[in-house]
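*Asks:* My questions will all concern the structure given below.
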Amino acid sequence: MAGLKPQFLSRLFVEEIDYKYNRLTDRLVFYSAHLKCLIIAPKGFVNDRESVPGMKGTSTYSGVIHDLVSRSDFRIVRNGKPVAITKHDAAMVYNEALWCRYRQQNSEMPNRTVRQKIKKQWNRADRFCRRHIKVRAVLVWPGYWHRFTVMATYEEIRGADMGISADEFAALQARNTTVFRRI
């Protein structure tokens, strides 16, 4: 697989859990040229789409892959041994995933009239800037790195966001109580 460009090898299928989180209903496969391996997000993986502050929601595919490689028990296999990756590696994989999605979106735009050509170039420049800002943001942003395991449940993730345990969150959800975040 050496020499291949980074690419998504499957489509993204999700079920929305709430306004912020979704769960994969089928695995998502991505080839990373940086890591020189396949990255497979398993069915049932809970994630927060793309949550870079100030730029949320422009690339769910990339957000899912970055969430996966940022989990505490995510490993790649090198020489037959599981190896953890660094925060920098995770940011570079995110960069590759963004590049793939933006490249695909740009190729889908029509390019017939002068106006369409100008719009296509403007979108390319906008995506280039967004990609580089997002990658630098995830490199320095505190608090998310190795916070959860790959197969963490929605209750664990949502409860941690609110400062309560997964069991407390599940109990509140079962009672259909309005939940406020602890400060």
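Each chain of the structure tokens is named A, B, ... in the order shown, its residues numbered from 1; ligands are numbered from 1 in display order.
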Considering only C-alpha atoms, return as a list of chain:residue names whatever protein or nucleic-acid residues lie within 6 Å of Arg71 of chain A, sequence-local ones (same chain, fewer than 4 positions apart) excluded.

*Replies:*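 That gives A:His146, A:Phe148, A:Thr149, A:Val150.
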
*Asks:* Mind dumping a table of every segment 62-129 of chain A residue within 10 Å of segment 32-40 of chain A, with the nearest atom pair and its distance in Å to one decimal, using only C-alpha atoms, sorted by chain and rising number, as JSON lines?

*Replies:*
{"residue": "A:Ile65", "atom": "CA", "partner": "A:Ile39", "partner_atom": "CA", "distance": 7.8}
{"residue": "A:Leu68", "atom": "CA", "partner": "A:Ile40", "partner_atom": "CA", "distance": 8.6}
{"residue": "A:Val69", "atom": "CA", "partner": "A:Ile39", "partner_atom": "CA", "distance": 8.3}
{"residue": "A:Phe74", "atom": "CA", "partner": "A:Ile39", "partner_atom": "CA", "distance": 9.8}
{"residue": "A:Arg75", "atom": "CA", "partner": "A:Ile39", "partner_atom": "CA", "distance": 9.5}
{"residue": "A:Ile76", "atom": "CA", "partner": "A:Cys37", "partner_atom": "CA", "distance": 7.7}
{"residue": "A:Val77", "atom": "CA", "partner": "A:Cys37", "partner_atom": "CA", "distance": 8.4}
{"residue": "A:Arg78", "atom": "CA", "partner": "A:Cys37", "partner_atom": "CA", "distance": 9.4}
{"residue": "A:Ile85", "atom": "CA", "partner": "A:Leu35", "partner_atom": "CA", "distance": 9.0}
{"residue": "A:Asp89", "atom": "CA", "partner": "A:Leu35", "partner_atom": "CA", "distance": 7.7}
{"residue": "A:Ala90", "atom": "CA", "partner": "A:Leu35", "partner_atom": "CA", "distance": 9.4}
{"residue": "A:Met92", "atom": "CA", "partner": "A:His34", "partner_atom": "CA", "distance": 6.9}
{"residue": "A:Val93", "atom": "CA", "partner": "A:Ser32", "partner_atom": "CA", "distance": 6.3}
{"residue": "A:Tyr94", "atom": "CA", "partner": "A:Ser32", "partner_atom": "CA", "distance": 9.4}
{"residue": "A:Asn95", "atom": "CA", "partner": "A:His34", "partner_atom": "CA", "distance": 9.8}
{"residue": "A:Glu96", "atom": "CA", "partner": "A:Ser32", "partner_atom": "CA", "distance": 7.1}
{"residue": "A:Ala97", "atom": "CA", "partner": "A:Ser32", "partner_atom": "CA", "distance": 8.1}

*Asks:* Just to be explicit: take each residue in the selection above, keep N, CA and C atoms, and write the result as a short mmCIF file (atom, residue, chain, number, x, y, z; two decimals), in the first residue's frame.

*Replies:*
data_model
loop_
_atom_site.label_atom_id
_atom_site.label_comp_id
_atom_site.auth_asym_id
_atom_site.auth_seq_id
_atom_site.Cartn_x
_atom_site.Cartn_y
_atom_site.Cartn_z
N ILE A 65 -12.90 10.05 11.70
CA ILE A 65 -11.56 9.47 11.69
C ILE A 65 -10.70 10.09 12.78
N LEU A 68 -11.66 8.78 16.17
CA LEU A 68 -11.16 7.41 16.35
C LEU A 68 -9.68 7.39 16.72
N VAL A 69 -8.84 8.08 15.97
CA VAL A 69 -7.40 8.02 16.24
C VAL A 69 -7.01 8.77 17.52
N PHE A 74 -6.75 3.31 20.79
CA PHE A 74 -6.51 3.15 19.35
C PHE A 74 -5.04 2.81 19.12
N ARG A 75 -4.80 1.79 18.32
CA ARG A 75 -3.44 1.35 18.00
C ARG A 75 -3.32 1.02 16.52
N ILE A 76 -2.11 1.16 15.99
CA ILE A 76 -1.81 0.66 14.65
C ILE A 76 -0.81 -0.47 14.84
N VAL A 77 -0.70 -1.33 13.84
CA VAL A 77 0.23 -2.47 13.94
C VAL A 77 1.49 -2.16 13.15
N ARG A 78 2.63 -2.21 13.82
CA ARG A 78 3.95 -2.02 13.21
C ARG A 78 4.81 -3.23 13.55
N ILE A 85 -0.31 5.95 18.66
CA ILE A 85 0.15 7.08 17.85
C ILE A 85 0.17 8.35 18.70
N ASP A 89 0.55 12.75 15.11
CA ASP A 89 0.12 11.78 14.09
C ASP A 89 -1.39 11.88 13.85
N ALA A 90 -2.15 12.00 14.94
CA ALA A 90 -3.60 12.11 14.81
C ALA A 90 -3.98 13.37 14.03
N MET A 92 -2.14 14.84 11.75
CA MET A 92 -1.75 14.63 10.35
C MET A 92 -2.75 13.72 9.63
N VAL A 93 -3.29 12.73 10.33
CA VAL A 93 -4.33 11.87 9.74
C VAL A 93 -5.59 12.70 9.49
N TYR A 94 -5.93 13.58 10.42
CA TYR A 94 -7.07 14.48 10.26
C TYR A 94 -6.86 15.38 9.03
N ASN A 95 -5.65 15.89 8.87
CA ASN A 95 -5.30 16.72 7.72
C ASN A 95 -5.51 15.95 6.42
N GLU A 96 -5.06 14.71 6.39
CA GLU A 96 -5.25 13.86 5.19
C GLU A 96 -6.73 13.64 4.90
N ALA A 97 -7.48 13.36 5.94
CA ALA A 97 -8.92 13.10 5.77
C ALA A 97 -9.64 14.35 5.26
#

*Asks:* Could you pull out the residues in chain A that DSSP calls strand (DSSP E) from the backbone, as a ChimeraX atom specification?

*Replies:* /A:7-8,14-16,22-24,28-32,37-41,46-47,76-78,81-83

*Asks:* Could you name the residues that touch Asp26 of chain A at 9 Å or less, counting only C-alpha atoms, but leaving out those on the same chain fewer than 4 positions away, as a PyMOL selection string?

*Replies:* chain A and resi 11-14+41-44

*Asks:* Write a file of the just-selected residues containing C-alpha atoms, as a compact mmCIF listing (two decimals), in the first residue's frame.

*Replies:*
# COMPACT_ATOMS: atom_id res chain seq x y z
CA ARG A 11 -19.03 5.55 2.66
CA LEU A 12 -20.19 7.00 5.94
CA PHE A 13 -23.44 5.60 7.38
CA VAL A 14 -24.61 6.99 10.73
CA ALA A 41 -13.82 2.91 12.45
CA PRO A 42 -16.01 0.05 13.74
CA LYS A 43 -19.77 -0.22 13.50
CA GLY A 44 -21.27 1.26 16.68

*Asks:* Rounded to one decimal, what separation in Å do you get between atom CA of Asp167 of chain A and atom CA of Met151 of chain A?

*Replies:*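 Going from atom CA of Asp167 of chain A over to atom CA of Met151 of chain A, I get 16.4 Å.
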
*Asks:* With only C-alpha atoms as the atoms that count, which of A:Met162, A:Ile157, A:Ala174, A:Ile133 lies nearest to Tyr21 of chain A?

*Replies:*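 Smallest distance to Tyr21 of chain A is found for A:Ile157.
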
*Asks:* Do a neighbour search on Gly63 of chain A at 10 Å with only C-alpha atoms, toss out local chain neighbours closer than 5 positions, and write the hits as a list of chain:residue names.

*Replies:*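 These residues fall inside the cut-off: A:Asn47, A:Asp48, A:Arg49, A:Glu50, A:Ser51, A:Val52, A:Lys56, A:Gly57, A:Thr58, A:Leu68, A:Tyr94, A:Ala97, A:Leu98.
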
*Asks:* Would you please give, as an MDAnalysis selection string, all residues of chain A that DSSP assigns to helix (DSSP H, G or I) based on the backbone?

*Replies:* chainID A and resid 60:69 87:107 114:140 154:162 166:174
